[in-house]
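For reference, final38.pdb (PDB, C-alpha atoms):
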```
ATOM      1  CA  MET Y 146     176.318  91.680  59.172
ATOM      2  CA  THR Y 147     174.641  89.904  62.070
ATOM      3  CA  GLU Y 148     170.969  89.507  61.256
ATOM      4  CA  LEU Y 149     170.099  86.793  63.730
ATOM      5  CA  LEU Y 150     170.535  86.175  67.429
ATOM      6  CA  LEU Y 151     169.773  82.493  67.867
ATOM      7  CA  HIS Y 152     169.231  80.504  71.040
ATOM      8  CA  THR Y 153     168.670  76.932  69.825
ATOM      9  CA  ALA Y 154     170.614  74.530  67.673
ATOM     10  CA  ASP Y 155     167.500  73.833  65.584
ATOM     11  CA  GLU Y 156     167.385  77.495  64.558
ATOM     12  CA  LEU Y 157     171.055  77.387  63.628
ATOM     13  CA  HIS Y 158     170.708  74.165  61.632
ATOM     14  CA  LYS Y 159     167.896  75.644  59.536
ATOM     15  CA  LEU Y 160     170.136  78.417  58.212
ATOM     16  CA  PRO Y 161     171.249  77.950  54.599
ATOM     17  CA  ARG Y 162     174.967  77.226  54.111
ATOM     18  CA  THR Y 163     176.641  78.150  50.847
ATOM     19  CA  GLY Y 164     180.280  78.227  51.902
ATOM     20  CA  ARG Y 165     182.486  77.319  54.823
ATOM     21  CA  ARG Y 166     181.238  77.948  58.347
ATOM     22  CA  ALA Y 167     183.734  79.352  60.860
ATOM     23  CA  VAL Y 168     182.920  79.406  64.560
ATOM     24  CA  VAL Y 169     184.387  81.587  67.309
ATOM     25  CA  MET Y 170     183.536  80.279  70.774
ATOM     26  CA  THR Y 171     183.325  82.783  73.631
ATOM     27  CA  MET Y 172     181.919  83.116  77.121
ATOM     28  CA  GLY Y 173     180.755  86.635  76.294
ATOM     29  CA  ALA Y 174     182.082  89.958  77.579
ATOM     30  CA  LEU Y 175     183.595  90.441  74.123
ATOM     31  CA  HIS Y 176     186.562  92.765  73.621
ATOM     32  CA  GLU Y 177     189.038  93.571  70.858
ATOM     33  CA  GLY Y 178     190.700  90.176  71.240
ATOM     34  CA  HIS Y 179     187.428  88.463  70.408
ATOM     35  CA  ALA Y 180     186.804  90.939  67.596
ATOM     36  CA  THR Y 181     190.161  89.972  66.099
ATOM     37  CA  LEU Y 182     189.103  86.326  66.160
ATOM     38  CA  VAL Y 183     185.853  87.204  64.389
ATOM     39  CA  ARG Y 184     187.625  89.301  61.747
ATOM     40  CA  THR Y 185     190.061  86.451  61.112
ATOM     41  CA  ALA Y 186     187.141  84.037  60.842
ATOM     42  CA  ARG Y 187     185.499  86.371  58.329
ATOM     43  CA  GLU Y 188     188.653  86.380  56.200
ATOM     44  CA  LEU Y 189     189.019  82.602  56.307
ATOM     45  CA  ALA Y 190     185.344  81.879  55.617
ATOM     46  CA  GLY Y 191     185.282  84.355  52.734
ATOM     47  CA  PRO Y 192     182.335  86.398  51.472
ATOM     48  CA  GLU Y 193     180.306  83.285  50.688
ATOM     49  CA  GLY Y 194     180.978  81.656  54.044
ATOM     50  CA  GLN Y 195     179.314  82.055  57.412
ATOM     51  CA  VAL Y 196     180.765  83.226  60.731
ATOM     52  CA  VAL Y 197     179.075  82.064  63.931
ATOM     53  CA  VAL Y 198     180.001  83.507  67.328
ATOM     54  CA  THR Y 199     178.883  81.469  70.311
ATOM     55  CA  VAL Y 200     178.214  83.146  73.655
ATOM     56  CA  PHE Y 201     177.898  80.673  76.503
ATOM     57  CA  VAL Y 202     179.152  80.905  80.075
ATOM     58  CA  ASN Y 203     180.003  77.276  80.703
ATOM     59  CA  PRO Y 204     179.353  76.247  84.324
ATOM     60  CA  LEU Y 205     181.560  73.152  83.971
ATOM     61  CA  GLN Y 206     184.674  75.352  83.647
ATOM     62  CA  PHE Y 207     184.247  77.003  87.033
ATOM     63  CA  GLY Y 208     185.469  75.284  90.171
ATOM     64  CA  ALA Y 209     184.469  75.864  93.780
ATOM     65  CA  GLY Y 210     185.073  79.464  94.778
ATOM     66  CA  GLU Y 211     185.600  80.646  91.201
ATOM     67  CA  ASP Y 212     183.729  83.512  89.598
ATOM     68  CA  LEU Y 213     180.807  81.910  87.719
ATOM     69  CA  ASP Y 214     178.251  84.315  89.180
ATOM     70  CA  ARG Y 215     180.645  87.241  88.892
ATOM     71  CA  TYR Y 216     181.534  86.546  85.270
ATOM     72  CA  PRO Y 217     180.246  89.490  83.164
ATOM     73  CA  ARG Y 218     177.214  88.889  80.987
ATOM     74  CA  THR Y 219     176.797  91.594  78.331
ATOM     75  CA  LEU Y 220     174.872  89.947  75.499
ATOM     76  CA  ASP Y 221     173.594  93.120  73.819
ATOM     77  CA  ALA Y 222     177.085  94.590  73.684
ATOM     78  CA  ASP Y 223     178.477  91.232  72.552
ATOM     79  CA  VAL Y 224     176.075  91.104  69.606
ATOM     80  CA  ALA Y 225     177.071  94.635  68.587
ATOM     81  CA  ILE Y 226     180.804  93.818  68.731
ATOM     82  CA  ALA Y 227     180.330  90.567  66.821
ATOM     83  CA  GLU Y 228     178.282  92.332  64.155
ATOM     84  CA  GLU Y 229     180.839  95.094  63.727
ATOM     85  CA  ALA Y 230     183.632  92.522  63.365
ATOM     86  CA  GLY Y 231     181.813  90.651  60.607
ATOM     87  CA  ALA Y 232     179.829  87.850  62.238
ATOM     88  CA  ASP Y 233     176.677  86.546  60.580
ATOM     89  CA  VAL Y 234     175.141  84.835  63.592
ATOM     90  CA  VAL Y 235     175.443  85.009  67.367
ATOM     91  CA  PHE Y 236     174.445  81.706  68.937
ATOM     92  CA  ALA Y 237     173.662  82.225  72.633
ATOM     93  CA  PRO Y 238     172.134  79.015  73.981
ATOM     94  CA  ALA Y 239     170.707  78.596  77.459
ATOM     95  CA  VAL Y 240     172.297  76.101  79.841
ATOM     96  CA  ASP Y 241     169.506  73.559  79.278
ATOM     97  CA  GLU Y 242     170.081  73.790  75.508
ATOM     98  CA  VAL Y 243     173.703  72.752  75.896
ATOM     99  CA  TYR Y 244     173.103  70.376  78.819
ATOM    100  CA  PRO Y 245     169.489  69.208  78.363
ATOM    101  CA  GLY Y 246     169.828  66.437  80.938
ATOM    102  CA  GLY Y 247     171.535  68.578  83.544
ATOM    103  CA  ASP Y 248     175.216  68.087  84.337
ATOM    104  CA  PRO Y 249     176.495  65.589  81.755
ATOM    105  CA  GLN Y 250     177.295  62.141  83.104
ATOM    106  CA  VAL Y 251     179.747  61.497  80.253
ATOM    107  CA  ARG Y 252     182.465  64.089  79.768
ATOM    108  CA  ILE Y 253     185.683  64.590  77.828
ATOM    109  CA  THR Y 254     188.774  63.952  79.952
ATOM    110  CA  ALA Y 255     191.778  66.153  79.290
ATOM    111  CA  GLY Y 256     194.313  63.459  80.212
ATOM    112  CA  PRO Y 257     197.809  64.116  81.596
ATOM    113  CA  MET Y 258     198.215  67.488  79.829
ATOM    114  CA  GLY Y 259     195.029  68.662  81.494
ATOM    115  CA  GLY Y 260     196.564  68.227  84.944
ATOM    116  CA  ARG Y 261     199.530  70.518  84.315
ATOM    117  CA  LEU Y 262     199.865  74.285  84.894
ATOM    118  CA  GLU Y 263     196.305  75.650  84.649
ATOM    119  CA  GLY Y 264     194.939  72.166  85.274
ATOM    120  CA  ALA Y 265     196.953  71.800  88.479
ATOM    121  CA  THR Y 266     195.626  75.130  89.749
ATOM    122  CA  ARG Y 267     192.060  74.552  88.576
ATOM    123  CA  PRO Y 268     191.259  70.818  88.844
ATOM    124  CA  GLY Y 269     188.597  69.713  86.387
ATOM    125  CA  HIS Y 270     188.677  72.995  84.462
ATOM    126  CA  PHE Y 271     189.958  71.488  81.225
ATOM    127  CA  ASP Y 272     187.566  68.541  81.383
ATOM    128  CA  GLY Y 273     184.723  71.043  81.500
ATOM    129  CA  MET Y 274     186.252  73.154  78.745
ATOM    130  CA  LEU Y 275     186.749  70.220  76.375
ATOM    131  CA  THR Y 276     183.269  68.901  77.087
ATOM    132  CA  VAL Y 277     181.611  72.169  76.128
ATOM    133  CA  VAL Y 278     183.863  72.681  73.096
ATOM    134  CA  ALA Y 279     182.971  69.194  71.882
ATOM    135  CA  LYS Y 280     179.269  69.909  72.384
ATOM    136  CA  LEU Y 281     179.454  73.287  70.659
ATOM    137  CA  LEU Y 282     181.317  71.752  67.732
ATOM    138  CA  HIS Y 283     178.456  69.277  67.358
ATOM    139  CA  LEU Y 284     175.811  71.977  67.779
ATOM    140  CA  THR Y 285     177.370  74.473  65.348
ATOM    141  CA  ARG Y 286     178.873  72.001  62.828
ATOM    142  CA  PRO Y 287     181.682  74.271  61.606
ATOM    143  CA  ASP Y 288     184.403  73.706  59.058
ATOM    144  CA  LEU Y 289     186.776  75.973  60.998
ATOM    145  CA  ALA Y 290     187.038  76.782  64.708
ATOM    146  CA  LEU Y 291     189.179  79.713  65.855
ATOM    147  CA  PHE Y 292     190.722  80.124  69.308
ATOM    148  CA  GLY Y 293     193.109  82.669  70.787
ATOM    149  CA  GLN Y 294     196.702  81.781  71.557
ATOM    150  CA  LYS Y 295     196.469  83.631  74.884
ATOM    151  CA  ASP Y 296     194.871  80.471  76.275
ATOM    152  CA  ALA Y 297     197.735  78.363  74.969
ATOM    153  CA  GLN Y 298     197.067  75.256  77.032
ATOM    154  CA  GLN Y 299     193.392  75.343  76.108
ATOM    155  CA  LEU Y 300     194.312  75.616  72.417
ATOM    156  CA  ALA Y 301     196.765  72.723  72.688
ATOM    157  CA  LEU Y 302     194.161  70.523  74.352
ATOM    158  CA  ILE Y 303     191.500  71.369  71.763
ATOM    159  CA  ARG Y 304     193.931  70.478  68.975
ATOM    160  CA  ARG Y 305     194.677  67.193  70.751
ATOM    161  CA  MET Y 306     190.981  66.387  71.215
ATOM    162  CA  VAL Y 307     190.160  67.142  67.579
ATOM    163  CA  THR Y 308     193.020  64.896  66.436
ATOM    164  CA  ASP Y 309     192.479  62.058  68.906
ATOM    165  CA  LEU Y 310     188.690  61.930  68.498
ATOM    166  CA  ASN Y 311     188.585  62.614  64.731
ATOM    167  CA  PHE Y 312     186.478  65.760  64.773
ATOM    168  CA  PRO Y 313     185.953  66.957  61.169
ATOM    169  CA  VAL Y 314     187.044  70.526  61.862
ATOM    170  CA  GLU Y 315     190.153  72.621  61.302
ATOM    171  CA  VAL Y 316     191.408  74.369  64.457
ATOM    172  CA  VAL Y 317     193.005  77.776  63.882
ATOM    173  CA  GLY Y 318     195.065  79.583  66.533
ATOM    174  CA  VAL Y 319     195.049  83.395  66.435
ATOM    175  CA  PRO Y 320     197.857  85.454  68.052
ATOM    176  CA  THR Y 321     197.246  87.224  71.357
ATOM    177  CA  VAL Y 322     195.951  90.783  71.140
ATOM    178  CA  ARG Y 323     197.551  93.243  73.561
ATOM    179  CA  GLU Y 324     196.739  96.711  74.766
ATOM    180  CA  GLU Y 325     199.215  99.506  74.089
ATOM    181  CA  ASP Y 326     200.967  98.934  77.414
ATOM    182  CA  GLY Y 327     201.482  95.233  76.646
ATOM    183  CA  LEU Y 328     198.745  93.766  78.854
ATOM    184  CA  ALA Y 329     197.033  90.853  77.114
ATOM    185  CA  LEU Y 330     193.372  91.592  76.457
ATOM    186  CA  SER Y 331     191.086  89.702  78.827
ATOM    187  CA  SER Y 332     187.531  90.030  80.054
ATOM    188  CA  ARG Y 333     188.980  90.031  83.575
ATOM    189  CA  ASN Y 334     191.072  93.173  83.010
ATOM    190  CA  ARG Y 335     187.967  95.187  83.916
ATOM    191  CA  TYR Y 336     188.390  94.027  87.515
ATOM    192  CA  LEU Y 337     191.826  95.666  87.841
ATOM    193  CA  SER Y 338     192.168  98.948  89.710
ATOM    194  CA  PRO Y 339     194.723 101.442  88.311
ATOM    195  CA  ALA Y 340     197.269 100.229  90.884
ATOM    196  CA  ASP Y 341     196.470  96.582  90.124
ATOM    197  CA  ARG Y 342     196.998  97.226  86.446
ATOM    198  CA  GLN Y 343     200.461  98.686  86.967
ATOM    199  CA  THR Y 344     201.483  95.552  88.843
ATOM    200  CA  ALA Y 345     199.800  93.295  86.265
ATOM    201  CA  LEU Y 346     202.003  94.710  83.511
ATOM    202  CA  ALA Y 347     204.803  92.592  84.992
ATOM    203  CA  LEU Y 348     203.301  89.528  83.324
ATOM    204  CA  SER Y 349     203.937  90.743  79.793
ATOM    205  CA  ARG Y 350     207.226  92.414  80.794
ATOM    206  CA  ALA Y 351     208.456  89.100  82.182
ATOM    207  CA  LEU Y 352     207.565  87.264  78.989
ATOM    208  CA  PHE Y 353     209.266  89.906  76.862
ATOM    209  CA  ALA Y 354     212.367  89.733  79.085
ATOM    210  CA  GLY Y 355     212.551  85.992  78.457
ATOM    211  CA  ARG Y 356     212.070  86.519  74.738
ATOM    212  CA  ASP Y 357     214.771  89.202  74.666
ATOM    213  CA  ARG Y 358     217.194  86.955  76.530
ATOM    214  CA  LEU Y 359     216.647  84.238  73.933
ATOM    215  CA  ALA Y 360     217.169  86.715  71.090
ATOM    216  CA  ALA Y 361     220.377  88.054  72.664
ATOM    217  CA  GLN Y 362     221.803  84.568  73.065
ATOM    218  CA  ALA Y 363     220.854  83.685  69.492
ATOM    219  CA  ALA Y 364     222.582  86.839  68.232
ATOM    220  CA  LEU Y 365     225.685  85.924  70.209
ATOM    221  CA  ARG Y 366     225.789  82.474  68.656
ATOM    222  CA  ALA Y 367     225.301  83.922  65.178
ATOM    223  CA  ARG Y 368     228.147  86.407  65.690
ATOM    224  CA  ALA Y 369     230.543  83.805  66.973
ATOM    225  CA  GLU Y 370     229.477  80.746  64.990
ATOM    226  CA  ALA Y 371     232.790  80.715  63.104
ATOM    227  CA  ALA Y 372     234.602  80.060  66.375
ATOM    228  CA  PRO Y 373     234.115  76.421  67.459
ATOM    229  CA  ALA Y 374     232.622  76.222  70.937
ATOM    230  CA  SER Y 375     235.457  74.424  72.703
ATOM    231  CA  ASP Y 376     237.898  75.368  75.439
ATOM    232  CA  GLU Y 377     240.766  73.994  73.339
ATOM    233  CA  ARG Y 378     239.991  76.316  70.436
ATOM    234  CA  ALA Y 379     239.546  79.282  72.776
ATOM    235  CA  THR Y 380     242.900  78.633  74.464
ATOM    236  CA  ALA Y 381     244.688  78.305  71.135
ATOM    237  CA  LEU Y 382     243.176  81.558  69.883
ATOM    238  CA  ALA Y 383     244.208  83.324  73.083
ATOM    239  CA  ARG Y 384     247.845  82.242  72.635
ATOM    240  CA  LEU Y 385     247.758  83.782  69.160
ATOM    241  CA  GLY Y 386     246.430  87.052  70.523
ATOM    242  CA  GLU Y 387     242.969  86.566  69.053
ATOM    243  CA  ILE Y 388     241.300  87.792  72.228
ATOM    244  CA  ARG Y 389     237.899  88.629  70.663
ATOM    245  CA  ALA Y 390     237.664  85.289  68.899
ATOM    246  CA  SER Y 391     238.716  83.526  72.078
ATOM    247  CA  ALA Y 392     236.046  85.323  74.079
ATOM    248  CA  ASP Y 393     233.470  84.493  71.444
ATOM    249  CA  ALA Y 394     234.421  80.831  71.547
ATOM    250  CA  HIS Y 395     233.878  80.778  75.296
ATOM    251  CA  ALA Y 396     230.624  82.731  74.860
ATOM    252  CA  VAL Y 397     229.294  80.303  72.278
ATOM    253  CA  SER Y 398     229.967  77.424  74.620
ATOM    254  CA  ALA Y 399     228.080  79.184  77.401
ATOM    255  CA  ALA Y 400     225.269  80.336  75.124
ATOM    256  CA  CYS Y 401     224.609  76.816  73.919
ATOM    257  CA  ALA Y 402     224.155  75.375  77.404
ATOM    258  CA  GLY Y 403     221.098  75.810  79.588
ATOM    259  CA  LEU Y 404     219.386  78.449  77.455
ATOM    260  CA  PRO Y 405     215.856  77.480  78.590
ATOM    261  CA  ASP Y 406     216.977  78.050  82.189
ATOM    262  CA  ALA Y 407     218.376  81.460  81.239
ATOM    263  CA  VAL Y 408     215.062  82.417  79.640
ATOM    264  CA  ARG Y 409     213.160  81.356  82.754
ATOM    265  CA  ALA Y 410     215.573  83.298  84.945
ATOM    266  CA  ALA Y 411     215.218  86.499  82.924
ATOM    267  CA  ALA Y 412     211.435  86.320  83.223
ATOM    268  CA  GLY Y 413     211.629  85.341  86.866
ATOM    269  CA  HIS Y 414     213.624  88.451  87.810
ATOM    270  CA  VAL Y 415     210.819  90.694  86.544
ATOM    271  CA  LEU Y 416     208.179  88.730  88.441
ATOM    272  CA  ALA Y 417     210.255  88.775  91.629
ATOM    273  CA  ASP Y 418     210.393  92.577  91.457
ATOM    274  CA  ALA Y 419     206.628  92.717  90.955
ATOM    275  CA  ALA Y 420     206.115  90.574  94.054
ATOM    276  CA  ARG Y 421     207.514  93.506  96.038
ATOM    277  CA  SER Y 422     205.158  96.015  94.397
ATOM    278  CA  GLU Y 423     202.042  97.475  95.995
ATOM    279  CA  PRO Y 424     199.768  95.717  95.419
ATOM    280  CA  PRO Y 425     202.029  92.687  95.055
ATOM    281  CA  LEU Y 426     201.935  90.183  92.245
ATOM    282  CA  VAL Y 427     201.289  86.700  93.647
ATOM    283  CA  LEU Y 428     202.838  84.208  91.236
ATOM    284  CA  ASP Y 429     201.045  80.971  90.473
ATOM    285  CA  TYR Y 430     203.510  79.609  87.943
ATOM    286  CA  LEU Y 431     206.165  80.555  85.416
ATOM    287  CA  ALA Y 432     206.879  77.739  82.984
ATOM    288  CA  LEU Y 433     208.672  77.112  79.711
ATOM    289  CA  VAL Y 434     206.936  74.165  78.102
ATOM    290  CA  ASP Y 435     206.712  71.998  75.033
ATOM    291  CA  PRO Y 436     203.386  72.971  73.380
ATOM    292  CA  GLN Y 437     202.724  69.365  72.380
ATOM    293  CA  ASP Y 438     202.152  68.179  75.959
ATOM    294  CA  PHE Y 439     202.968  71.143  78.253
ATOM    295  CA  THR Y 440     205.862  69.368  79.945
ATOM    296  CA  GLU Y 441     208.775  71.550  81.050
ATOM    297  CA  ALA Y 442     211.489  72.221  78.472
ATOM    298  CA  GLY Y 443     214.810  70.733  79.559
ATOM    299  CA  PRO Y 444     218.193  72.493  79.364
ATOM    300  CA  ASP Y 445     218.912  71.113  75.877
ATOM    301  CA  PHE Y 446     215.434  71.714  74.462
ATOM    302  CA  THR Y 447     215.128  72.723  70.800
ATOM    303  CA  GLY Y 448     212.104  73.614  68.717
ATOM    304  CA  GLN Y 449     208.920  75.505  69.505
ATOM    305  CA  ALA Y 450     208.134  76.304  73.135
ATOM    306  CA  VAL Y 451     205.647  78.360  75.133
ATOM    307  CA  LEU Y 452     206.731  80.667  77.949
ATOM    308  CA  ALA Y 453     203.669  80.889  80.191
ATOM    309  CA  VAL Y 454     202.820  82.759  83.381
ATOM    310  CA  ALA Y 455     199.848  82.949  85.730
ATOM    311  CA  ALA Y 456     199.501  85.246  88.723
ATOM    312  CA  LYS Y 457     196.994  87.010  90.904
ATOM    313  CA  VAL Y 458     196.898  90.769  91.386
ATOM    314  CA  GLY Y 459     194.439  91.804  94.051
ATOM    315  CA  THR Y 460     191.478  89.485  93.542
ATOM    316  CA  THR Y 461     192.038  89.009  89.795
ATOM    317  CA  ARG Y 462     193.872  86.027  88.344
ATOM    318  CA  LEU Y 463     195.550  86.598  84.970
ATOM    319  CA  ILE Y 464     197.389  84.400  82.493
ATOM    320  CA  ASP Y 465     199.675  85.206  79.578
ATOM    321  CA  ASN Y 466     202.175  83.490  77.303
ATOM    322  CA  ILE Y 467     204.350  83.938  74.241
ATOM    323  CA  PRO Y 468     205.669  81.388  71.732
ATOM    324  CA  LEU Y 469     209.440  80.992  71.448
ATOM    325  CA  GLU Y 470     211.706  79.095  69.075
ATOM    326  CA  PHE Y 471     214.873  77.409  70.341
ATOM    327  CA  GLY Y 472     217.336  76.630  67.588
ATOM    328  CA  ALA Y 473     219.493  73.534  67.461
ATOM    329  CA  HIS Y 474     222.811  73.851  69.275
ATOM    330  CA  SER Y 475     225.795  74.086  66.985
TER     331      SER Y 475
END
```
Please express what this file holds, its structure, as structure tokens.
Amino acid sequence: MTELLLHTADELHKLPRTGRRAVVMTMGALHEGHATLVRTARELAGPEGQVVVTVFVNPLQFGAGEDLDRYPRTLDADVAIAEEAGADVVFAPAVDEVYPGGDPQVRITAGPMGGRLEGATRPGHFDGMLTVVAKLLHLTRPDLALFGQKDAQQLALIRRMVTDLNFPVEVVGVPTVREEDGLALSSRNRYLSPADRQTALALSRALFAGRDRLAAQAALRARAEAAPASDERATALARLGEIRASADAHAVSAACAGLPDAVRAAAGHVLADAARSEPPLVLDYLALVDPQDFTEAGPDFTGQAVLAVAAKVGTTRLIDNIPLEFGAHS
């Protein structure tokens, strides 16, 4: 149970540590997605470990015209949610505790990955995010740090920073938590009107359409894998009256080519329909990327990928993604 609300690193460092410390970093306005992170941290730290939830609205992550002042600040409710989920400590430092000299002159740079997708839309955002994550890792000194997979690019960059800069911490990604209608949980969902929310559901529907297209193509390949994917084989089978096998051979050939493009197209159709809704969905990007560097997956891509989308509905900008697995072509 949470017994302490701390505001300085000195207070946190004085706490006794008997097991592993797991940290969950948040900007507050906690919801069930954050609670899931805390519960997972509790499980990983074990009964002898310690779970620390940080609450800090990082000014470096907000660009010109973004919603720093509008961002919800609900510390009392956050402490209650963290406590219920199993946290031991809520660490809520002031800005001058994290940045005692004002805006830091030396910052973490996100590199090429930080300029793609979210980074292209929000220049400097990931530099600010990595800088505060690095500082909070130093201030909280955890063994484990847990982050949600909903912010997939953020998670990928944190993993890269921890590896490249030799941070002594294990980064754990936790699957996205969704509401019953499929909308990914986000602190910004509270800004959606009922009509906005109906349009916003297109984000998750688009991702699921892409996932379903991939699954359908994989099932087709599995069904027809005995038929070599060549026009010569298909023609020979047709002459022998093996029409189904011939069709499958052609289908396998088609299924093996350009599957990433087919996944993008299936998702894109849903988003195009939503753009004609009222209110309309205004698409920022739809991308199928390699999670190692967030470059676009080519037509022959195999392995793990992330299908990601960002869009604005009304005045609210939302992001979502799902992981996908592309098998090797036979």
(request) Rounded to one decimal place, report the CA of Val169 in chain Y-CA of Val198 in chain Y distance in Å. (result) 4.8 Å
(message) I'd like to know which of Y:Gln298, Y:Ser331, Y:Thr461, Y:Gln250 is closest to Thr344 in chain Y, using all atoms listed in the file.
(response)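 The shortest atom-to-atom distance to Thr344 in chain Y comes from Y:Thr461.
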(request) Provide the CA of Gly273 in chain Y to CA of Leu205 in chain Y distance in Å, to one decimal place. (result)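 Atom-to-atom, CA of Gly273 in chain Y and CA of Leu205 in chain Y are spaced 4.5 Å apart.
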(message) Env of range 227-237 of chain Y: 6 Å cut, atoms = all atoms listed in the file, seq-sep filter 3 positions within chain, self excluded. Answer as a VMD selection string.
(response) chain Y and resid 146 to 147 149 to 152 180 183 to 184 196 to 201 224
(request) Using only C-alpha atoms, pick whichever of Y:Arg421, Y:Arg356, Y:Arg366, Y:Arg305 has the shortest atom-to-atom distance to Arg409 in chain Y. (result)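 When distances to Arg409 in chain Y are compared using only C-alpha atoms, the smallest one comes from Y:Arg356.
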(request) Would you please work out which residue, of Y:Pro204, Y:Pro339, Y:Pro444, Y:Pro192, is nearest to Gly403 in chain Y when using only C-alpha atoms? (result)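 For Gly403 in chain Y, the nearest of the candidates is Y:Pro444.
In terms of minimum interatomic distance to Arg267 in chain Y, Y:Ala455 ranks closest within Y:Ala455, Y:Leu175, Y:Leu291, Y:Leu365, counting only C-alpha atoms.
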(message) Which residue is closest to Asp296 in chain Y? Choose from Y:Gly164, Y:Pro436, Y:Gly443, Y:Gly459 and count all atoms listed in the file.
(response) Y:Pro436
What box, with edges along x, y and z, holds each listed atom of range 263-276 of chain Y when 8 Å is added on every side, and can you state its centre and edge lengths in Å to one decimal, as JSON?
```
{"center_x": 190.1, "center_y": 72.1, "center_z": 83.1, "size_x": 29.7, "size_y": 23.1, "size_z": 29.4}
```
(request) Can you work out which one of Y:Pro245, Y:Phe207, Y:Ala225, Y:Gln195 has the shortest atom-to-atom distance to Gly269 in chain Y, counting all atoms listed in the file? (result) Y:Phe207
(message) Applying the PyMOL selection byres ((chain Y and resi 404) around 12) to the file I just gave you, which residues come out? Please list them as an MDAnalysis selection string.
(response) chainID Y and resid 355:356 358:363 366 397:403 405:411 433 442:447 469:474
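Interatomic distance, CA of Thr254 in chain Y to CA of Thr276 in chain Y: 7.9 Å.
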(message) I want to know what sits within 10 Å of Pro424 in chain Y, based on all atoms listed in the file, with residues of the same chain fewer than 4 positions away left out; could you give that as a list in words?
(response) Ala340, Asp341, Arg342, Gln343, Thr344, Ala345, Ala419, Ala420, Val458 and Gly459 of chain Y
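When the PyMOL selection byres ((chain Y and resi 351) around 9) is evaluated on the file shown here, the picked residues come out as Leu346, Ala347, Leu348, Ser349, Arg350, Leu352, Phe353, Ala354, Gly355, Arg356, Ala411, Ala412, Gly413, His414, Val415, Leu416 and Val454 of chain Y.
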Write out as a tab-separated table a residue-level contact list of range 283-308 of chain Y versus range 255-262 of chain Y with cut-off 9 Å: for each qualifying residue the closest pair of atoms and the distance in Å to one decimal, counting all atoms listed in the file, rows sorted by chain and residue number upward.
```
residue	atom	partner	partner_atom	distance
Y:Gln298	CA	Y:Gly259	CA	8.2
Y:Gln299	CA	Y:Gly259	CA	8.7
Y:Ala301	CA	Y:Met258	CA	9.0
Y:Leu302	CA	Y:Ala255	CA	7.0
Y:Met306	CA	Y:Ala255	CA	8.1
```
Set out as JSON lines a contact list for range 158-253 of chain Y and range 317-328 of chain Y with a cut-off of 9 Å, giving each residue of range 158-253 of chain Y that qualifies its closest atom pair and distance in Å to one decimal, counting all atoms listed in the file, ordered by chain and rising residue number.
```
{"residue": "Y:Glu177", "atom": "CA", "partner": "Y:Val322", "partner_atom": "CA", "distance": 7.5}
{"residue": "Y:Gly178", "atom": "CA", "partner": "Y:Val322", "partner_atom": "CA", "distance": 5.3}
{"residue": "Y:His179", "atom": "CA", "partner": "Y:Val322", "partner_atom": "CA", "distance": 8.9}
{"residue": "Y:Thr181", "atom": "CA", "partner": "Y:Val322", "partner_atom": "CA", "distance": 7.7}
{"residue": "Y:Leu182", "atom": "CA", "partner": "Y:Val319", "partner_atom": "CA", "distance": 6.6}
{"residue": "Y:Thr185", "atom": "CA", "partner": "Y:Val319", "partner_atom": "CA", "distance": 7.9}
```
(request) Fewer than 3 positions away in the same chain doesn't count, so skip those; otherwise give me all residues within 12 Å of Val202 in chain Y, counting all atoms listed in the file, as a list in words. (result) Met170, Thr171, Met172, Gly173, Ala174, Thr199, Leu205, Gln206, Phe207, Asp212, Leu213, Asp214, Arg215, Tyr216, Pro217, Arg218, Thr219, Leu220, Ala237, Pro238, Ala239, Val240, Val243, Gly273, Met274, Val277 and Val278 of chain Y
